[in-house]
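The next block is work14.pdb, given as PDB, C-alpha atoms.
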```pdb
MODEL        1
ATOM      1  CA  MET A   1       0.000   0.000   0.000  1.00  0.00           C
ATOM      2  CA  PRO A   2       2.636   2.574  -1.046  1.00  0.00           C
ATOM      3  CA  GLY A   3       1.734   6.138  -0.072  1.00  0.00           C
ATOM      4  CA  ILE A   4      -1.408   5.220   1.867  1.00  0.00           C
ATOM      5  CA  THR A   5      -2.543   7.745   4.468  1.00  0.00           C
ATOM      6  CA  GLY A   6      -4.908   7.683   7.402  1.00  0.00           C
ATOM      7  CA  GLU A   7      -7.275  10.025   5.580  1.00  0.00           C
ATOM      8  CA  VAL A   8      -7.503   7.666   2.605  1.00  0.00           C
ATOM      9  CA  ILE A   9      -8.160   4.684   4.869  1.00  0.00           C
ATOM     10  CA  CYS A  10     -10.943   6.452   6.790  1.00  0.00           C
ATOM     11  CA  ARG A  11     -12.593   7.708   3.605  1.00  0.00           C
ATOM     12  CA  LEU A  12     -12.441   4.510   1.559  1.00  0.00           C
ATOM     13  CA  PHE A  13     -13.025   1.849   4.192  1.00  0.00           C
ATOM     14  CA  CYS A  14     -16.396   3.045   5.434  1.00  0.00           C
ATOM     15  CA  PRO A  15     -19.269   0.644   6.269  1.00  0.00           C
ATOM     16  CA  GLY A  16     -20.667  -0.956   3.116  1.00  0.00           C
ATOM     17  CA  SER A  17     -17.707  -0.002   0.929  1.00  0.00           C
ATOM     18  CA  ALA A  18     -16.502  -3.565   0.375  1.00  0.00           C
ATOM     19  CA  GLY A  19     -19.816  -4.721  -1.059  1.00  0.00           C
ATOM     20  CA  LEU A  20     -20.169  -1.612  -3.228  1.00  0.00           C
ATOM     21  CA  VAL A  21     -16.707  -1.997  -4.762  1.00  0.00           C
ATOM     22  CA  SER A  22     -17.078  -5.740  -5.237  1.00  0.00           C
ATOM     23  CA  ARG A  23     -20.417  -5.459  -7.044  1.00  0.00           C
ATOM     24  CA  ARG A  24     -19.256  -2.709  -9.367  1.00  0.00           C
ATOM     25  CA  THR A  25     -15.977  -4.486 -10.133  1.00  0.00           C
ATOM     26  CA  ASN A  26     -17.638  -7.796 -10.944  1.00  0.00           C
ATOM     27  CA  ALA A  27     -20.247  -6.102 -13.139  1.00  0.00           C
ATOM     28  CA  LEU A  28     -17.583  -4.324 -15.214  1.00  0.00           C
ATOM     29  CA  ALA A  29     -15.558  -7.515 -15.511  1.00  0.00           C
ATOM     30  CA  ALA A  30     -18.611  -9.323 -16.860  1.00  0.00           C
ATOM     31  CA  SER A  31     -19.038  -6.661 -19.559  1.00  0.00           C
ATOM     32  CA  LEU A  32     -15.456  -7.265 -20.729  1.00  0.00           C
ATOM     33  CA  GLU A  33     -15.594 -11.052 -20.906  1.00  0.00           C
ATOM     34  CA  GLY A  34     -14.791 -12.191 -24.431  1.00  0.00           C
ATOM     35  CA  ALA A  35     -13.713  -8.687 -25.480  1.00  0.00           C
ATOM     36  CA  GLY A  36     -11.095  -8.168 -28.130  1.00  0.00           C
ATOM     37  CA  ARG A  37     -10.268  -4.669 -29.339  1.00  0.00           C
ATOM     38  CA  ILE A  38     -10.077  -1.785 -26.842  1.00  0.00           C
ATOM     39  CA  GLU A  39      -9.947   1.861 -27.959  1.00  0.00           C
ATOM     40  CA  LEU A  40      -9.227   4.857 -25.726  1.00  0.00           C
ATOM     41  CA  ARG A  41      -9.880   8.503 -26.551  1.00  0.00           C
ATOM     42  CA  THR A  42      -9.508  11.132 -23.824  1.00  0.00           C
ATOM     43  CA  GLU A  43      -9.913  14.898 -23.590  1.00  0.00           C
ATOM     44  CA  ALA A  44      -6.204  15.196 -22.775  1.00  0.00           C
ATOM     45  CA  GLY A  45      -5.299  13.686 -26.140  1.00  0.00           C
ATOM     46  CA  THR A  46      -4.886   9.952 -25.601  1.00  0.00           C
ATOM     47  CA  GLU A  47      -5.559   7.861 -28.699  1.00  0.00           C
ATOM     48  CA  LEU A  48      -4.673   4.251 -27.981  1.00  0.00           C
ATOM     49  CA  GLU A  49      -5.696   0.863 -29.329  1.00  0.00           C
ATOM     50  CA  LEU A  50      -4.864  -2.553 -27.924  1.00  0.00           C
ATOM     51  CA  SER A  51      -6.207  -6.082 -27.835  1.00  0.00           C
ATOM     52  CA  ILE A  52      -7.190  -8.240 -24.877  1.00  0.00           C
ATOM     53  CA  ALA A  53      -8.527 -11.062 -27.045  1.00  0.00           C
ATOM     54  CA  GLY A  54      -8.211 -14.364 -25.238  1.00  0.00           C
ATOM     55  CA  ARG A  55      -6.844 -12.742 -22.083  1.00  0.00           C
ATOM     56  CA  LYS A  56      -8.169 -13.481 -18.618  1.00  0.00           C
ATOM     57  CA  ILE A  57     -10.022 -10.598 -16.966  1.00  0.00           C
ATOM     58  CA  TYR A  58      -8.707  -9.997 -13.453  1.00  0.00           C
ATOM     59  CA  THR A  59     -10.692  -8.335 -10.678  1.00  0.00           C
ATOM     60  CA  ASP A  60      -9.465  -6.655  -7.523  1.00  0.00           C
ATOM     61  CA  THR A  61     -12.595  -6.484  -5.373  1.00  0.00           C
ATOM     62  CA  GLY A  62     -10.912  -6.085  -2.000  1.00  0.00           C
ATOM     63  CA  LEU A  63     -12.425  -9.343  -0.764  1.00  0.00           C
ATOM     64  CA  TYR A  64      -9.631 -11.846  -0.139  1.00  0.00           C
ATOM     65  CA  ARG A  65     -11.399 -14.772   1.494  1.00  0.00           C
ATOM     66  CA  GLU A  66     -10.094 -17.767  -0.443  1.00  0.00           C
ATOM     67  CA  PRO A  67      -6.577 -19.184  -0.709  1.00  0.00           C
ATOM     68  CA  GLY A  68      -4.743 -17.701  -3.666  1.00  0.00           C
ATOM     69  CA  ARG A  69      -6.695 -14.428  -3.813  1.00  0.00           C
ATOM     70  CA  PHE A  70      -4.501 -11.347  -3.950  1.00  0.00           C
ATOM     71  CA  GLY A  71      -4.716  -7.626  -4.571  1.00  0.00           C
ATOM     72  CA  ASN A  72      -3.869  -4.323  -2.946  1.00  0.00           C
ATOM     73  CA  LEU A  73      -5.878  -1.880  -0.904  1.00  0.00           C
ATOM     74  CA  PRO A  74      -7.704   0.320  -1.559  1.00  0.00           C
ATOM     75  CA  ALA A  75      -9.230  -2.061  -4.079  1.00  0.00           C
ATOM     76  CA  GLY A  76     -11.378  -1.529  -7.127  1.00  0.00           C
ATOM     77  CA  GLU A  77     -10.104  -2.369 -10.572  1.00  0.00           C
ATOM     78  CA  VAL A  78     -10.569  -4.633 -13.549  1.00  0.00           C
ATOM     79  CA  SER A  79      -7.478  -5.449 -15.574  1.00  0.00           C
ATOM     80  CA  ALA A  80      -6.004  -7.635 -18.275  1.00  0.00           C
ATOM     81  CA  ALA A  81      -2.636  -8.114 -19.932  1.00  0.00           C
ATOM     82  CA  PRO A  82      -2.747  -6.722 -23.480  1.00  0.00           C
ATOM     83  CA  VAL A  83      -1.926  -9.131 -26.272  1.00  0.00           C
ATOM     84  CA  SER A  84       1.802  -8.801 -26.948  1.00  0.00           C
ATOM     85  CA  PHE A  85       2.712  -6.149 -29.547  1.00  0.00           C
ATOM     86  CA  SER A  86      -0.926  -4.986 -29.858  1.00  0.00           C
ATOM     87  CA  ALA A  87      -0.802  -1.593 -28.105  1.00  0.00           C
ATOM     88  CA  ARG A  88      -0.232   1.352 -30.399  1.00  0.00           C
ATOM     89  CA  GLY A  89      -0.952   5.053 -30.317  1.00  0.00           C
ATOM     90  CA  ARG A  90      -0.447   7.964 -27.938  1.00  0.00           C
ATOM     91  CA  VAL A  91      -1.042   8.067 -24.188  1.00  0.00           C
ATOM     92  CA  VAL A  92      -1.271  11.422 -22.418  1.00  0.00           C
ATOM     93  CA  VAL A  93      -0.804  10.887 -18.684  1.00  0.00           C
ATOM     94  CA  ASP A  94      -2.723  13.591 -16.809  1.00  0.00           C
ATOM     95  CA  LEU A  95      -3.011  12.223 -13.263  1.00  0.00           C
ATOM     96  CA  ALA A  96      -0.160  10.172 -11.860  1.00  0.00           C
ATOM     97  CA  PHE A  97       2.671   7.814 -12.679  1.00  0.00           C
ATOM     98  CA  ALA A  98       4.035   5.283 -10.201  1.00  0.00           C
ATOM     99  CA  GLY A  99       7.438   6.443  -9.002  1.00  0.00           C
ATOM    100  CA  LEU A 100       6.947   9.961 -10.340  1.00  0.00           C
ATOM    101  CA  GLY A 101       3.865  11.158  -8.442  1.00  0.00           C
ATOM    102  CA  ALA A 102       1.603  13.785  -9.979  1.00  0.00           C
ATOM    103  CA  VAL A 103       1.987  14.019 -13.750  1.00  0.00           C
ATOM    104  CA  ASP A 104       0.082  16.184 -16.212  1.00  0.00           C
ATOM    105  CA  GLY A 105       0.929  16.225 -19.895  1.00  0.00           C
ATOM    106  CA  LEU A 106       3.458  13.399 -20.127  1.00  0.00           C
ATOM    107  CA  ILE A 107       3.100  11.950 -23.630  1.00  0.00           C
ATOM    108  CA  LEU A 108       4.005   8.341 -24.410  1.00  0.00           C
ATOM    109  CA  GLU A 109       4.123   7.102 -27.999  1.00  0.00           C
ATOM    110  CA  LEU A 110       3.643   3.355 -28.393  1.00  0.00           C
ATOM    111  CA  GLU A 111       4.273   1.052 -31.313  1.00  0.00           C
ATOM    112  CA  LYS A 112       3.998  -2.726 -31.308  1.00  0.00           C
ATOM    113  CA  GLY A 113       3.248  -2.757 -27.592  1.00  0.00           C
ATOM    114  CA  ARG A 114       6.228  -0.704 -26.448  1.00  0.00           C
ATOM    115  CA  ILE A 115       7.077   2.924 -25.648  1.00  0.00           C
ATOM    116  CA  VAL A 116       9.160   4.287 -28.515  1.00  0.00           C
ATOM    117  CA  ALA A 117       9.166   7.961 -27.516  1.00  0.00           C
ATOM    118  CA  ALA A 118       8.268  10.180 -24.580  1.00  0.00           C
ATOM    119  CA  LYS A 119       7.975  13.930 -24.185  1.00  0.00           C
ATOM    120  CA  GLY A 120       6.627  16.477 -21.782  1.00  0.00           C
ATOM    121  CA  PRO A 121       6.825  16.867 -17.995  1.00  0.00           C
ATOM    122  CA  GLY A 122       8.718  14.038 -16.302  1.00  0.00           C
ATOM    123  CA  ARG A 123      10.249  12.621 -19.501  1.00  0.00           C
ATOM    124  CA  GLY A 124      13.793  12.449 -18.119  1.00  0.00           C
ATOM    125  CA  ARG A 125      12.766  10.809 -14.866  1.00  0.00           C
ATOM    126  CA  LEU A 126      10.531   8.382 -16.756  1.00  0.00           C
ATOM    127  CA  LEU A 127      13.319   7.150 -19.023  1.00  0.00           C
ATOM    128  CA  LYS A 128      15.596   6.636 -16.027  1.00  0.00           C
ATOM    129  CA  LEU A 129      12.856   4.767 -14.180  1.00  0.00           C
ATOM    130  CA  LEU A 130      12.096   2.529 -17.161  1.00  0.00           C
ATOM    131  CA  ALA A 131      15.712   1.834 -17.942  1.00  0.00           C
ATOM    132  CA  GLU A 132      15.360  -1.525 -19.692  1.00  0.00           C
ATOM    133  CA  ASN A 133      13.517  -2.240 -22.941  1.00  0.00           C
ATOM    134  CA  ARG A 134      11.231  -4.735 -21.204  1.00  0.00           C
ATOM    135  CA  ASP A 135      10.307  -2.076 -18.638  1.00  0.00           C
ATOM    136  CA  ARG A 136       8.780  -0.026 -21.472  1.00  0.00           C
ATOM    137  CA  VAL A 137       6.350  -2.716 -22.623  1.00  0.00           C
ATOM    138  CA  ALA A 138       2.599  -2.187 -22.174  1.00  0.00           C
ATOM    139  CA  GLY A 139       1.931  -4.942 -19.659  1.00  0.00           C
ATOM    140  CA  GLU A 140      -1.505  -4.096 -18.269  1.00  0.00           C
ATOM    141  CA  PHE A 141      -4.719  -2.304 -19.117  1.00  0.00           C
ATOM    142  CA  GLY A 142      -6.768  -1.455 -16.037  1.00  0.00           C
ATOM    143  CA  ILE A 143     -10.016   0.365 -15.244  1.00  0.00           C
ATOM    144  CA  GLY A 144     -10.896   1.928 -11.891  1.00  0.00           C
ATOM    145  CA  THR A 145     -14.136   0.743 -10.264  1.00  0.00           C
ATOM    146  CA  ASN A 146     -14.130   2.307  -6.786  1.00  0.00           C
ATOM    147  CA  PRO A 147     -16.635   5.204  -6.578  1.00  0.00           C
ATOM    148  CA  LEU A 148     -15.166   6.303  -3.237  1.00  0.00           C
ATOM    149  CA  ALA A 149     -11.636   6.736  -4.620  1.00  0.00           C
ATOM    150  CA  ARG A 150     -10.425  10.077  -5.938  1.00  0.00           C
ATOM    151  CA  PRO A 151      -8.326  10.769  -9.037  1.00  0.00           C
ATOM    152  CA  SER A 152      -5.272  12.271  -7.361  1.00  0.00           C
ATOM    153  CA  SER A 153      -1.469  12.210  -7.441  1.00  0.00           C
ATOM    154  CA  LEU A 154      -1.469   9.065  -5.281  1.00  0.00           C
ATOM    155  CA  THR A 155      -1.248   6.310  -7.882  1.00  0.00           C
ATOM    156  CA  LEU A 156      -2.499   3.666  -5.470  1.00  0.00           C
ATOM    157  CA  GLU A 157      -5.818   5.495  -5.081  1.00  0.00           C
ATOM    158  CA  ALA A 158      -6.070   7.222  -8.473  1.00  0.00           C
ATOM    159  CA  GLU A 159      -5.918   3.984 -10.462  1.00  0.00           C
ATOM    160  CA  LYS A 160      -8.938   2.679  -8.517  1.00  0.00           C
ATOM    161  CA  ALA A 161     -11.133   5.747  -9.054  1.00  0.00           C
ATOM    162  CA  VAL A 162     -14.162   5.542 -11.322  1.00  0.00           C
ATOM    163  CA  GLY A 163     -13.473   7.554 -14.455  1.00  0.00           C
ATOM    164  CA  THR A 164      -9.825   6.578 -14.694  1.00  0.00           C
ATOM    165  CA  VAL A 165      -7.872   3.954 -16.575  1.00  0.00           C
ATOM    166  CA  HIS A 166      -4.258   2.947 -16.199  1.00  0.00           C
ATOM    167  CA  LEU A 167      -1.657   1.531 -18.492  1.00  0.00           C
ATOM    168  CA  GLY A 168       0.748  -0.687 -16.585  1.00  0.00           C
ATOM    169  CA  LEU A 169       4.268  -0.829 -17.968  1.00  0.00           C
ATOM    170  CA  GLY A 170       6.766  -3.599 -17.393  1.00  0.00           C
ATOM    171  CA  ASP A 171       6.254  -6.987 -15.806  1.00  0.00           C
ATOM    172  CA  ASN A 172       2.951  -8.824 -16.334  1.00  0.00           C
ATOM    173  CA  ILE A 173       3.917 -12.428 -15.658  1.00  0.00           C
ATOM    174  CA  SER A 174       1.667 -12.619 -12.599  1.00  0.00           C
ATOM    175  CA  PHE A 175      -1.526 -11.874 -14.528  1.00  0.00           C
ATOM    176  CA  GLY A 176      -1.354 -13.700 -17.790  1.00  0.00           C
ATOM    177  CA  GLY A 177       1.316 -11.892 -19.800  1.00  0.00           C
ATOM    178  CA  GLU A 178       4.677 -12.867 -21.223  1.00  0.00           C
ATOM    179  CA  ASN A 179       6.823  -9.845 -20.349  1.00  0.00           C
ATOM    180  CA  ARG A 180       9.287 -10.337 -17.518  1.00  0.00           C
ATOM    181  CA  ALA A 181      10.740  -6.988 -16.472  1.00  0.00           C
ATOM    182  CA  THR A 182      12.518  -5.393 -13.519  1.00  0.00           C
ATOM    183  CA  GLY A 183       9.274  -3.911 -12.160  1.00  0.00           C
ATOM    184  CA  HIS A 184       5.754  -2.712 -12.877  1.00  0.00           C
ATOM    185  CA  TRP A 185       4.665   0.944 -13.109  1.00  0.00           C
ATOM    186  CA  ASP A 186       1.173   2.344 -13.661  1.00  0.00           C
ATOM    187  CA  ALA A 187       0.368   5.455 -15.679  1.00  0.00           C
ATOM    188  CA  VAL A 188      -3.032   6.818 -14.620  1.00  0.00           C
ATOM    189  CA  LEU A 189      -5.237   9.004 -16.795  1.00  0.00           C
ATOM    190  CA  ASN A 190      -8.728  10.432 -16.752  1.00  0.00           C
ATOM    191  CA  CYS A 191     -11.009   8.476 -19.063  1.00  0.00           C
ATOM    192  CA  ARG A 192     -14.818   8.559 -19.049  1.00  0.00           C
ATOM    193  CA  TRP A 193     -15.443   5.968 -21.767  1.00  0.00           C
ATOM    194  CA  ILE A 194     -13.775   3.383 -23.928  1.00  0.00           C
ATOM    195  CA  LYS A 195     -14.785   1.413 -26.993  1.00  0.00           C
ATOM    196  CA  VAL A 196     -14.976  -2.357 -26.645  1.00  0.00           C
ATOM    197  CA  ASP A 197     -15.120  -4.042 -30.043  1.00  0.00           C
ATOM    198  CA  GLY A 198     -16.584  -0.842 -31.458  1.00  0.00           C
ATOM    199  CA  GLU A 199     -19.227  -0.344 -28.764  1.00  0.00           C
ATOM    200  CA  ILE A 200     -18.988   2.562 -26.326  1.00  0.00           C
ATOM    201  CA  LEU A 201     -18.709   1.597 -22.653  1.00  0.00           C
ATOM    202  CA  ASP A 202     -19.321   4.477 -20.213  1.00  0.00           C
ATOM    203  CA  LEU A 203     -16.950   3.909 -17.279  1.00  0.00           C
ATOM    204  CA  THR A 204     -18.746   6.387 -15.038  1.00  0.00           C
ATOM    205  CA  GLU A 205     -22.197   4.785 -15.202  1.00  0.00           C
ATOM    206  CA  PRO A 206     -23.124   2.245 -12.517  1.00  0.00           C
ATOM    207  CA  LEU A 207     -23.521  -1.230 -14.030  1.00  0.00           C
ATOM    208  CA  VAL A 208     -25.402  -2.556 -11.000  1.00  0.00           C
TER     209      VAL A 208
ENDMDL
END
```

Here is a file; write its structure as structure tokens.
Amino acid sequence: MPGITGEVICRLFCPGSAGLVSRRTNALAASLEGAGRIELRTEAGTELELSIAGRKIYTDTGLYREPGRFGNLPAGEVSAAPVSFSARGRVVVDLAFAGLGAVDGLILELEKGRIVAAKGPGRGRLLKLLAENRDRVAGEFGIGTNPLARPSSLTLEAEKAVGTVHLGLGDNISFGGENRATGHWDAVLNCRWIKVDGEILDLTEPLV
């Protein structure tokens, strides 16, 4: 739980929160089952396409009651490992980046599933952080499902907030991918909707 504070704990772990997050997370996961092509377009300028065809959809509901369940708190996300080499386009990070904190306007250009260029605020620190080629691979696509979380500079909370998505870079061996890297870093951006196989999915609307 890197960066967690007492204020975040008190706000997000209120009575009834576990059931709320779990229901919303499972409902979104169900809408992505069998999905293939994902398209992102954001007001900040992100234009990204990737495939999750054949990938397992992972849920972090915050309920860890059976052996083998894992996640991090605060919970609330649905994620999948993109098909290798499928991610292409431009990502404009306007919320947070793990290891960098608050980020607004960092532009990542991707081709064949990997960052090929970066510009804007934090570029130098980013390239030092993602020092190896495998660290620059798009390893995860995640969607926030926790309506109590806020989109802030704290990556741990921001990536769980409704109305955000995150692109995980680096290692994805633990959730169905093939890229073994030195670490895993999430880039979090505001995103109200995505296209799933050509159909618009509003990420801010309750599914339950």

Exercise for the section: Please write the residues picked by the PyMOL selection byres ((chain A and resi 135) around 9) on this file as a PyMOL selection string. Expected result: chain A and resi 114+129-134+136-139+169-171+179-185

Problem - Residues in the PyMOL selection byres ((chain A and resi 144-148) around 10), expressed as a ChimeraX atom specification - result: /A:8,11-14,17-18,20-29,59-61,74-79,142-143,149-151,157-166,188,191,203-204,206

Completion exercise
One decimal place gives the CA of Val196 (chain A)-CA of Arg37 (chain A) separation as 5.9 Å

Problem - Selection result of the PyMOL selection byres ((chain A and resi 91-103) around 8) on this file, as an MDAnalysis selection string - result: chainID A and resid 44:48 89:90 104:110 121:122 125:126 129 151:155 158 185:190

Practice task
Go ahead and compute the interatomic distance for CA of Lys112 (chain A) and CA of Gly71 (chain A), in Å to one decimal.
Solution key: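 If I compute the distance from CA of Lys112 (chain A) to CA of Gly71 (chain A), I get 28.5 Å.
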
Problem - Which of A:Gly176, A:Gly124, A:Pro15, A:Ala117 sits closest to Tyr58 (chain A) [using only C-alpha atoms] - result: A:Gly176

Problem - Pairwise distance for CA of Ala118 (chain A) and CA of Asn172 (chain A), rounded to one decimal in Å - result: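 That distance, rounded to one decimal, is 21.4 Å.
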
Exercise for the section: Would you please work out which residue, of A:Glu7, A:Glu178, A:Glu111, A:Asp197, is nearest to Ser51 (chain A) when using only C-alpha atoms? Expected result: A:Asp197

Practice task
Give the answer as one residue: which of A:Glu205, A:Met1, A:Glu199, A:Arg192 has the shortest atom-to-atom distance to Leu73 (chain A), using only C-alpha atoms?
Solution key: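 Closest to Leu73 (chain A) of all the choices is A:Met1.
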
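Shortest atom-to-atom contact with Leu201 (chain A) among A:Ala35, A:Gly120, A:Ala87, A:Gly6: A:Ala35, counting only C-alpha atoms.
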
Exercise for the section: May I ask which of the residues A:Arg55, A:Arg123, A:Gly177, A:Leu167 is the closest one to Leu40 (chain A), counting all atoms listed in the file? Expected result: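 Checking each of A:Arg55, A:Arg123, A:Gly177, A:Leu167 against Leu40 (chain A), counting all atoms listed in the file, the winner is A:Leu167.
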
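Compared by their closest atoms to Ala30 (chain A), and using only C-alpha atoms, the residues A:Ile4, A:Ser84, A:Ile57, A:Glu49 rank with A:Ile57 nearest.
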